[in-house]
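File shown here: run35.tsv, holding TSV, C-alpha atoms and all ligand atoms.
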```tsv
chain	number	residue	atom	x	y	z
A	231	MET	CA	-9.94	-57.80	-17.19
A	232	ASN	CA	-9.08	-56.23	-20.55
A	233	THR	CA	-6.68	-58.26	-22.60
A	234	TYR	CA	-5.07	-57.18	-25.84
A	235	SER	CA	-4.22	-59.45	-28.76
A	236	SER	CA	-0.85	-57.76	-28.76
A	237	THR	CA	0.94	-55.03	-26.85
A	238	LYS	CA	2.28	-52.35	-29.17
A	239	ILE	CA	5.89	-51.31	-28.69
A	240	LEU	CA	6.05	-47.59	-29.48
A	241	SER	CA	9.31	-45.82	-30.15
A	242	ALA	CA	9.75	-42.68	-28.09
A	243	ASP	CA	9.64	-40.24	-31.00
A	244	GLU	CA	7.04	-37.61	-31.79
A	245	SER	CA	4.59	-40.03	-33.40
A	246	GLY	CA	5.05	-42.75	-30.74
A	247	ILE	CA	4.50	-40.26	-27.92
A	248	THR	CA	1.42	-38.83	-29.70
A	249	GLU	CA	-0.02	-42.31	-30.13
A	250	ALA	CA	0.65	-43.16	-26.47
A	251	ALA	CA	-1.08	-39.94	-25.38
A	252	GLU	CA	-4.13	-40.77	-27.52
A	253	MET	CA	-4.33	-44.26	-26.06
A	254	LEU	CA	-4.18	-42.87	-22.52
A	255	ARG	CA	-6.88	-40.31	-23.34
A	256	THR	CA	-9.23	-43.07	-24.50
A	257	GLY	CA	-8.74	-45.05	-21.28
A	258	ASP	CA	-6.12	-47.55	-22.44
A	259	LEU	CA	-3.12	-48.52	-20.33
A	260	VAL	CA	0.36	-47.56	-21.55
A	261	ALA	CA	3.70	-48.25	-19.86
A	262	PHE	CA	6.17	-45.38	-20.11
A	263	PRO	CA	9.70	-44.63	-18.92
A	264	THR	CA	10.46	-42.35	-16.00
A	265	GLU	CA	13.83	-41.48	-14.49
A	266	THR	CA	13.12	-43.97	-11.66
A	267	VAL	CA	11.43	-47.05	-13.16
A	268	TYR	CA	8.86	-47.74	-15.91
A	269	GLY	CA	5.33	-46.79	-14.90
A	270	LEU	CA	2.08	-48.55	-15.83
A	271	GLY	CA	0.03	-45.52	-16.80
A	272	GLY	CA	-3.69	-44.94	-16.99
A	273	ASP	CA	-5.96	-41.87	-16.92
A	274	ALA	CA	-6.33	-41.14	-13.18
A	275	THR	CA	-9.70	-39.47	-13.71
A	276	ASN	CA	-11.12	-42.61	-15.38
A	277	GLY	CA	-12.20	-45.18	-12.78
A	278	ARG	CA	-12.26	-47.99	-15.32
A	279	ALA	CA	-8.71	-47.26	-16.43
A	280	VAL	CA	-7.54	-47.15	-12.79
A	281	ALA	CA	-9.29	-50.44	-11.98
A	282	GLY	CA	-7.57	-51.83	-15.08
A	283	ILE	CA	-4.17	-50.91	-13.62
A	284	PHE	CA	-4.84	-52.98	-10.49
A	285	ALA	CA	-6.10	-55.87	-12.63
A	286	ALA	CA	-3.13	-55.81	-15.03
A	287	LYS	CA	-0.67	-55.81	-12.13
A	288	GLY	CA	-2.61	-58.51	-10.31
A	289	ARG	CA	-2.45	-56.33	-7.22
A	290	PRO	CA	-4.37	-58.21	-4.54
A	291	ASN	CA	-5.49	-55.15	-2.64
A	292	PHE	CA	-6.13	-51.57	-3.56
A	293	ASN	CA	-2.91	-49.89	-2.58
A	294	PRO	CA	-3.04	-46.18	-3.44
A	295	LEU	CA	-1.30	-45.04	-6.63
A	296	ILE	CA	0.84	-42.04	-7.53
A	297	ILE	CA	-0.43	-39.53	-10.08
A	298	HIS	CA	2.10	-38.13	-12.52
A	299	VAL	CA	1.73	-34.63	-13.92
A	300	ALA	CA	3.79	-32.42	-16.25
A	301	ASP	CA	4.64	-29.63	-13.81
A	302	THR	CA	4.11	-28.22	-10.33
A	303	GLU	CA	1.25	-26.00	-11.44
A	304	ALA	CA	-0.64	-29.06	-12.66
A	305	ALA	CA	0.06	-30.86	-9.36
A	306	TRP	CA	-1.60	-28.11	-7.33
A	307	ARG	CA	-4.80	-28.59	-9.35
A	308	TYR	CA	-5.36	-31.86	-7.55
A	309	VAL	CA	-3.86	-31.48	-4.04
A	310	GLU	CA	-3.47	-28.75	-1.41
A	311	PRO	CA	0.21	-27.94	-0.97
A	312	THR	CA	1.51	-27.10	2.50
A	313	GLU	CA	4.21	-24.45	2.70
A	314	GLN	CA	6.86	-27.15	3.10
A	315	ALA	CA	5.45	-29.06	0.14
A	316	ALA	CA	5.78	-25.94	-2.02
A	317	GLN	CA	9.42	-25.54	-0.95
A	318	LEU	CA	10.14	-29.18	-1.66
A	319	ALA	CA	8.44	-28.96	-5.06
A	320	ALA	CA	10.61	-25.98	-5.96
A	321	ALA	CA	13.72	-27.91	-4.91
A	322	PHE	CA	13.04	-31.39	-6.30
A	323	TRP	CA	10.45	-31.22	-9.08
A	324	PRO	CA	10.75	-32.40	-11.72
A	325	GLY	CA	12.37	-35.39	-10.04
A	326	ALA	CA	12.20	-38.52	-7.90
A	327	LEU	CA	10.09	-37.11	-5.08
A	328	THR	CA	6.45	-38.10	-4.48
A	329	MET	CA	4.40	-36.06	-2.00
A	330	VAL	CA	1.26	-37.31	-0.27
A	331	LEU	CA	-1.06	-34.33	0.28
A	332	PRO	CA	-4.75	-33.68	0.96
A	333	ARG	CA	-6.95	-34.02	-2.13
A	334	LYS	CA	-8.62	-30.81	-3.25
A	335	SER	CA	-12.35	-30.86	-2.60
A	336	ASN	CA	-13.15	-30.76	-6.32
A	337	CYS	CA	-10.36	-33.18	-7.25
A	338	PRO	CA	-11.41	-35.09	-10.41
A	339	VAL	CA	-9.00	-37.98	-9.73
A	340	SER	CA	-10.78	-41.32	-9.20
A	341	GLU	CA	-11.07	-42.21	-5.50
A	342	LEU	CA	-9.69	-45.62	-6.36
A	343	VAL	CA	-6.31	-43.93	-6.92
A	344	SER	CA	-6.34	-42.84	-3.26
A	345	ALA	CA	-7.69	-46.23	-2.12
A	346	GLY	CA	-10.28	-44.48	0.02
A	347	LEU	CA	-7.82	-42.11	1.75
A	348	ASP	CA	-8.40	-38.36	1.66
A	349	THR	CA	-4.85	-37.88	0.43
A	350	LEU	CA	-3.28	-38.23	-3.00
A	351	ALA	CA	0.32	-38.97	-3.94
A	352	VAL	CA	1.69	-36.67	-6.69
A	353	ARG	CA	4.92	-36.58	-8.63
A	354	VAL	CA	6.40	-34.56	-11.51
A	355	PRO	CA	8.86	-36.90	-13.24
A	356	SER	CA	11.97	-35.46	-14.85
A	357	HIS	CA	12.38	-37.99	-17.67
A	358	PRO	CA	12.06	-35.99	-20.93
A	359	ILE	CA	9.84	-38.64	-22.58
A	360	ALA	CA	7.55	-38.82	-19.55
A	361	ARG	CA	7.32	-35.04	-19.51
A	362	GLN	CA	6.47	-34.83	-23.22
A	363	LEU	CA	3.85	-37.52	-22.79
A	364	LEU	CA	2.27	-35.83	-19.77
A	365	ARG	CA	2.22	-32.47	-21.51
A	366	LYS	CA	0.53	-34.01	-24.55
A	367	VAL	CA	-2.04	-36.03	-22.66
A	368	ASP	CA	-2.88	-33.15	-20.30
A	369	LEU	CA	-4.46	-35.44	-17.70
A	370	PRO	CA	-3.14	-36.75	-14.37
A	371	ILE	CA	-1.71	-40.21	-15.08
A	372	ALA	CA	-1.85	-42.86	-12.34
A	373	ALA	CA	1.20	-45.07	-12.62
A	374	PRO	CA	2.57	-47.73	-10.31
A	375	SER	CA	5.74	-49.50	-11.34
A	376	ALA	CA	5.03	-51.53	-14.50
A	377	ASN	CA	5.62	-54.97	-13.03
A	378	ARG	CA	3.27	-57.75	-11.96
A	379	SER	CA	2.44	-57.54	-8.27
A	380	GLY	CA	5.25	-58.56	-5.95
A	381	ARG	CA	7.86	-58.70	-8.70
A	382	ILE	CA	10.94	-56.61	-9.34
A	383	SER	CA	10.33	-53.12	-10.77
A	384	PRO	CA	11.20	-52.69	-14.48
A	385	THR	CA	14.09	-50.47	-15.56
A	386	LYS	CA	13.98	-51.52	-19.25
A	387	ALA	CA	11.12	-51.87	-21.73
A	388	VAL	CA	11.89	-55.59	-22.14
A	389	HIS	CA	11.17	-56.13	-18.43
A	390	VAL	CA	7.71	-54.62	-18.93
A	391	LYS	CA	7.14	-56.72	-22.02
A	392	ALA	CA	8.08	-59.91	-20.19
A	393	GLU	CA	5.43	-59.38	-17.51
A	394	LEU	CA	2.63	-57.31	-19.02
A	395	SER	CA	2.39	-58.41	-22.65
A	396	ASN	CA	-1.27	-58.62	-23.73
A	397	LEU	CA	-2.39	-57.00	-20.48
A	398	ILE	CA	-1.70	-53.41	-21.59
A	399	ALA	CA	-2.22	-51.57	-24.87
A	400	ALA	CA	1.34	-50.33	-25.41
A	401	ILE	CA	4.84	-49.80	-24.08
A	402	LEU	CA	6.61	-46.57	-24.89
A	403	ASP	CA	10.23	-47.69	-25.20
A	404	GLY	CA	12.55	-45.02	-23.84
A	405	GLY	CA	15.58	-47.19	-23.11
A	406	ASP	CA	16.99	-47.69	-19.61
A	407	CYS	CA	15.77	-45.70	-16.61
A	408	GLY	CA	18.64	-43.58	-15.28
A	409	LEU	CA	18.03	-43.84	-11.55
A	410	GLY	CA	16.71	-47.39	-11.50
A	411	LEU	CA	15.00	-47.12	-8.12
A	412	GLU	CA	11.57	-45.68	-7.22
A	413	SER	CA	10.88	-42.16	-6.00
A	414	THR	CA	11.00	-41.15	-2.34
A	415	VAL	CA	7.45	-41.04	-0.94
A	416	LEU	CA	6.97	-38.22	1.56
A	417	GLY	CA	4.02	-37.73	3.91
A	418	PHE	CA	3.31	-34.72	6.12
A	419	THR	CA	2.59	-34.69	9.88
A	420	ASP	CA	2.08	-31.81	12.31
A	421	HIS	CA	5.78	-32.18	13.11
A	422	GLY	CA	6.94	-31.98	9.52
A	423	PRO	CA	7.53	-34.29	6.57
A	424	VAL	CA	8.23	-38.00	7.05
A	425	ILE	CA	9.71	-40.47	4.58
A	426	LEU	CA	7.14	-43.20	3.90
A	427	ARG	CA	9.36	-44.94	1.34
A	428	PRO	CA	13.05	-44.13	0.85
A	429	GLY	CA	13.96	-43.54	-2.78
A	430	GLY	CA	15.77	-41.39	-5.32
A	431	VAL	CA	15.83	-38.21	-3.21
A	432	THR	CA	17.75	-38.80	0.04
A	433	ALA	CA	16.89	-37.76	3.61
A	434	GLU	CA	20.00	-35.57	3.61
A	435	GLU	CA	18.80	-33.73	0.50
A	436	ILE	CA	15.33	-33.18	1.98
A	437	ASN	CA	16.74	-32.01	5.31
A	438	ALA	CA	18.78	-29.39	3.49
A	439	VAL	CA	15.52	-27.82	2.22
A	440	THR	CA	13.16	-28.35	5.16
A	441	PRO	CA	13.73	-30.46	8.27
A	442	LEU	CA	12.14	-33.91	8.38
A	443	ALA	CA	10.06	-34.66	11.49
A	444	GLU	CA	12.14	-36.28	14.22
A	445	GLN	CA	11.52	-39.98	14.70
A	446	SER	CA	10.62	-39.45	18.39
A	447	HIS	CA	7.86	-37.07	17.36
A	448	ILE	CA	6.44	-39.41	14.76
A	449	GLN	CA	6.22	-42.33	17.18
A	450	ASN	CA	3.91	-40.35	19.46
A	451	ASP	CA	1.94	-39.15	16.51
A	452	ASN	CA	-0.48	-40.98	14.30
A	453	LYS	CA	2.19	-41.89	11.82
A	454	PRO	CA	0.80	-41.82	8.30
A	455	THR	CA	1.65	-45.15	6.81
A	456	SER	CA	2.33	-45.87	3.21
A	457	PRO	CA	0.39	-49.07	2.64
A	458	GLY	CA	3.15	-50.36	0.41
A	459	GLN	CA	5.74	-49.82	3.11
A	460	LEU	CA	5.14	-52.85	5.27
A	461	SER	CA	4.76	-55.48	2.63
A	462	ALA	CA	7.18	-57.72	0.85
A	463	HIS	CA	8.00	-56.17	-2.50
A	464	TYR	CA	10.47	-56.21	-5.30
A	465	ALA	CA	10.94	-59.90	-4.76
A	466	PRO	CA	13.01	-62.34	-6.81
A	467	SER	CA	11.61	-65.88	-6.82
A	468	LYS	CA	14.75	-67.33	-5.18
A	469	PRO	CA	15.52	-66.80	-1.47
A	470	LEU	CA	17.84	-63.87	-0.86
A	471	ARG	CA	20.37	-63.67	2.02
A	472	LEU	CA	21.49	-60.20	3.09
A	473	ASN	CA	24.80	-58.79	4.38
A	474	ALA	CA	26.76	-61.75	3.04
A	475	THR	CA	30.50	-61.57	3.70
A	476	GLU	CA	31.20	-65.08	2.42
A	477	TRP	CA	29.35	-67.14	-0.15
A	478	GLN	CA	28.86	-70.60	-1.61
A	479	LEU	CA	29.34	-71.72	-5.20
A	480	ASN	CA	25.60	-72.38	-5.62
A	481	GLU	CA	24.72	-68.86	-4.52
A	482	GLY	CA	24.17	-66.02	-6.98
A	483	LEU	CA	26.15	-63.12	-5.58
A	484	LEU	CA	24.97	-59.51	-5.73
A	485	ALA	CA	28.31	-57.85	-5.09
A	486	PHE	CA	29.44	-54.37	-4.12
A	487	GLY	CA	33.14	-53.55	-4.47
A	488	GLN	CA	36.07	-55.61	-5.73
A	489	VAL	CA	34.94	-59.22	-5.51
A	490	THR	CA	35.52	-62.59	-7.14
A	491	HIS	CA	33.05	-65.46	-7.13
A	492	ASP	CA	33.05	-68.64	-9.22
A	493	GLY	CA	29.26	-68.92	-9.10
A	494	PRO	CA	26.81	-66.50	-10.75
A	495	LEU	CA	27.97	-62.95	-10.06
A	496	GLN	CA	26.49	-59.51	-10.65
A	497	ASN	CA	28.44	-56.53	-9.38
A	498	LEU	CA	26.29	-53.52	-8.43
A	499	SER	CA	29.38	-51.34	-8.49
A	500	SER	CA	32.98	-52.50	-8.35
A	501	ASP	CA	33.90	-48.86	-7.59
A	502	GLU	CA	31.49	-48.81	-4.63
A	503	ASP	CA	29.48	-46.04	-6.27
A	504	LEU	CA	25.99	-46.01	-4.70
A	505	LEU	CA	24.32	-44.24	-7.64
A	506	GLU	CA	25.68	-46.85	-10.03
A	507	ALA	CA	24.48	-49.56	-7.62
A	508	ALA	CA	20.95	-48.10	-7.52
A	509	ALA	CA	20.77	-48.04	-11.32
A	510	ASN	CA	21.91	-51.68	-11.51
A	511	LEU	CA	19.91	-53.13	-8.62
A	512	TYR	CA	16.73	-54.37	-10.26
A	513	HIS	CA	18.11	-55.72	-13.51
A	514	MET	CA	20.93	-57.49	-11.67
A	515	LEU	CA	18.44	-59.08	-9.25
A	516	ARG	CA	16.51	-60.26	-12.32
A	517	THR	CA	19.65	-61.63	-13.96
A	518	LEU	CA	20.66	-63.56	-10.84
A	519	ASP	CA	17.11	-64.82	-10.37
A	520	ALA	CA	17.23	-66.22	-13.93
A	521	SER	CA	20.73	-67.73	-13.44
A	522	ALA	CA	21.64	-71.27	-12.38
A	523	ALA	CA	22.06	-70.10	-8.77
A	524	GLU	CA	19.95	-71.98	-6.22
A	525	THR	CA	19.75	-69.06	-3.81
A	526	LEU	CA	20.94	-65.46	-3.81
A	527	ALA	CA	23.25	-63.52	-1.50
A	528	ALA	CA	23.80	-59.77	-1.33
A	529	MET	CA	26.85	-58.10	0.14
A	530	PRO	CA	26.39	-55.25	2.66
A	531	ILE	CA	25.65	-51.82	1.17
A	532	PRO	CA	26.55	-48.63	3.09
A	533	ASP	CA	23.41	-47.21	4.68
A	534	THR	CA	23.98	-43.61	3.60
A	535	GLY	CA	22.49	-41.44	0.84
A	536	ILE	CA	20.70	-43.53	-1.75
A	537	GLY	CA	22.14	-46.62	-0.02
A	538	VAL	CA	19.21	-46.29	2.43
A	539	ALA	CA	16.76	-46.88	-0.44
A	540	ILE	CA	18.86	-49.74	-1.85
A	541	ASN	CA	18.88	-51.46	1.58
A	542	ASP	CA	15.13	-50.89	1.93
A	543	ARG	CA	14.52	-52.70	-1.39
A	544	LEU	CA	16.95	-55.49	-0.53
A	545	ARG	CA	15.21	-56.11	2.81
A	546	ARG	CA	11.86	-56.33	1.02
A	547	ALA	CA	13.33	-58.61	-1.64
A	548	ALA	CA	14.54	-60.90	1.17
A	549	HIS	CA	11.16	-60.90	2.93
A	550	ASP	CA	9.83	-64.45	2.84
A	551	SER	CA	6.11	-63.79	3.23
A	552	GLU	CA	4.11	-64.54	0.09
A	553	ASN	CA	1.04	-62.95	1.62
A	554	ASP	CA	1.27	-59.31	0.90
A	555	LYS	CA	3.41	-58.65	-2.09
A	556	ASP	CA	1.43	-55.84	-3.55
A	557	THR	CA	3.52	-53.22	-5.29
B	601	LIG	O1	9.27	-43.98	-8.87
B	601	LIG	C1	8.09	-44.22	-8.63
B	601	LIG	O2	7.49	-43.74	-7.64
B	601	LIG	C2	7.33	-45.14	-9.61
B	601	LIG	C3	7.29	-44.45	-10.96
B	601	LIG	C4	6.51	-45.21	-11.97
B	601	LIG	O3	6.80	-43.14	-10.79
B	601	LIG	N1	6.03	-45.48	-9.12
B	601	LIG	C5	5.82	-46.29	-8.05
B	601	LIG	O4	4.50	-46.49	-7.74
B	601	LIG	O5	6.72	-46.81	-7.41
B	601	LIG	P1	3.99	-47.67	-6.80
B	601	LIG	O6	2.49	-47.72	-6.97
B	601	LIG	O7	4.74	-48.92	-7.09
B	601	LIG	O8	4.30	-47.15	-5.35
B	601	LIG	C6	3.54	-46.09	-4.78
B	601	LIG	C7	3.85	-45.96	-3.30
B	601	LIG	C8	3.28	-47.13	-2.52
B	601	LIG	O9	4.21	-47.49	-1.49
B	601	LIG	C9	2.00	-46.53	-1.93
B	601	LIG	O10	1.61	-47.17	-0.76
B	601	LIG	C10	2.41	-45.07	-1.70
B	601	LIG	O11	3.23	-44.76	-2.80
B	601	LIG	N2	1.24	-44.18	-1.72
B	601	LIG	C11	0.52	-43.80	-2.77
B	601	LIG	N3	-0.51	-43.01	-2.40
B	601	LIG	C12	-0.44	-42.88	-1.07
B	601	LIG	C13	-1.22	-42.20	-0.09
B	601	LIG	N4	-2.30	-41.48	-0.43
B	601	LIG	N5	-0.85	-42.29	1.20
B	601	LIG	C14	0.24	-43.00	1.55
B	601	LIG	N6	1.03	-43.67	0.67
B	601	LIG	C15	0.69	-43.63	-0.61
B	602	MG	MG	6.11	-50.86	-7.40
```
Please re-express this file's structure in structure tokens.
Amino acid sequence: MNTYSSTKILSADESGITEAAEMLRTGDLVAFPTETVYGLGGDATNGRAVAGIFAAKGRPNFNPLIIHVADTEAAWRYVEPTEQAAQLAAAFWPGALTMVLPRKSNCPVSELVSAGLDTLAVRVPSHPIARQLLRKVDLPIAAPSANRSGRISPTKAVHVKAELSNLIAAILDGGDCGLGLESTVLGFTDHGPVILRPGGVTAEEINAVTPLAEQSHIQNDNKPTSPGQLSAHYAPSKPLRLNATEWQLNEGLLAFGQVTHDGPLQNLSSDEDLLEAAANLYHMLRTLDASAAETLAAMPIPDTGIGVAINDRLRRAAHDSENDKDT
């Protein structure tokens, strides 16, 4: 594995973005901000760079990665859009939607990115720094979340630094990620699109553009699975109890709403605002994990809108298997 004597922290100005783009073009790994979480970027057409991403994350198996491109036109250079995909791109790109589509026959993206599948996940991020970087580098950039395998996704440059120092060439510091939760991953079946991973764009929002396949249809179908979907992810090191309505002093409480607790407390949103809760989720899990709390407890979160994605991540964070933490 490549190691670096130091990881450069680049400020997200013209010269920092130019330097980051040059590093990516020469096959180095650079973490960069997106509107969801920080990504660990590498040139998707360079097999060595892609292998380096898996090594730096310590990902035990080759889960497929998302490529990031500057605009929709660039996305269609690498994958074949279906009609629904084109509609969804028009509605949600740039933004927190990832679409899994068939690779074009002449697709120059390393097969390692697709982990042997004939599909490729693509996304056009909306973060202005990510967009400037992608425009400058003019290559598809493979980027999983910039955390070590099985750990909580980073929403600040310092989170990336804490886990990937000396394993990547640079971190482009663009401050906090606005959304704080990964993109929605969408696959396509004969019956329509299916959500493989809930995220920043909600099922309601997608349904308003083109109907999602009905669950009953998918069950009879060969449901395309997102390899990352079944595993334990986003995990703090302390055990996490879900749907807590009462709590002990030695528990770190991840609260939602008006709450008091004499032990370690992080409130996702005292106003019960789900968007605020999504933005706070990962750094508050980190803070509680680093606190004096022996174990963690999370209050119930409404399972609507982006709450579906928050609950998905909380369930994975509470998963106790150490075997397959791989995102
Ligand atoms: O918001 C995000 O999506 C962030 C930022 C950096 O863009 N990236 C991210 O990447 O979360 P990662 O690698 O942590 O998660 C990618 C997800 C995994 O669940 C993976 O299994 C799924 O996308 N995926 C990627 N390619 C796929 C494919 N060809 N078929 C099915 N699922 C795929
Ligand atoms: Mg991840």
Pairwise distance for CA of Thr256 (chain A) and CA of Val354 (chain A), rounded to one decimal in Å:
22.0 Å
Listed atoms of ligand LIG 601 (chain B) boxed axis-aligned with 5 Å per side, centre + edges as JSON:
```
{"center_x": 3.5, "center_y": -45.2, "center_z": -5.2, "size_x": 21.6, "size_y": 17.4, "size_z": 23.5}
```
Between A:Leu397, A:Thr385, A:Gly535, A:Ile436, single out the one closest to Leu511 (chain A), counting only C-alpha atoms.
A:Thr385
Looking at all atoms listed in the file, which of A:Gly405, A:Pro311, A:Gly422, A:Pro374 is the one that sits closest to ligand MG 602 (chain B)?
A:Pro374
With only C-alpha atoms and all ligand atoms as the basis for distance, which of A:Asp420, A:Glu412, A:Asp533, A:Glu249 is at the shortest distance from ligand MG 602 (chain B)?
A:Glu412
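Considering all atoms listed in the file, the residue among A:Tyr234, A:Phe322, A:Trp477, A:Phe486 positioned nearest to Val260 (chain A) is A:Tyr234.
The residue that comes closest to Pro469 (chain A), out of A:Leu483, A:Leu411, A:Ala443, A:Ala315 and on the basis of all atoms listed in the file, is A:Leu483.
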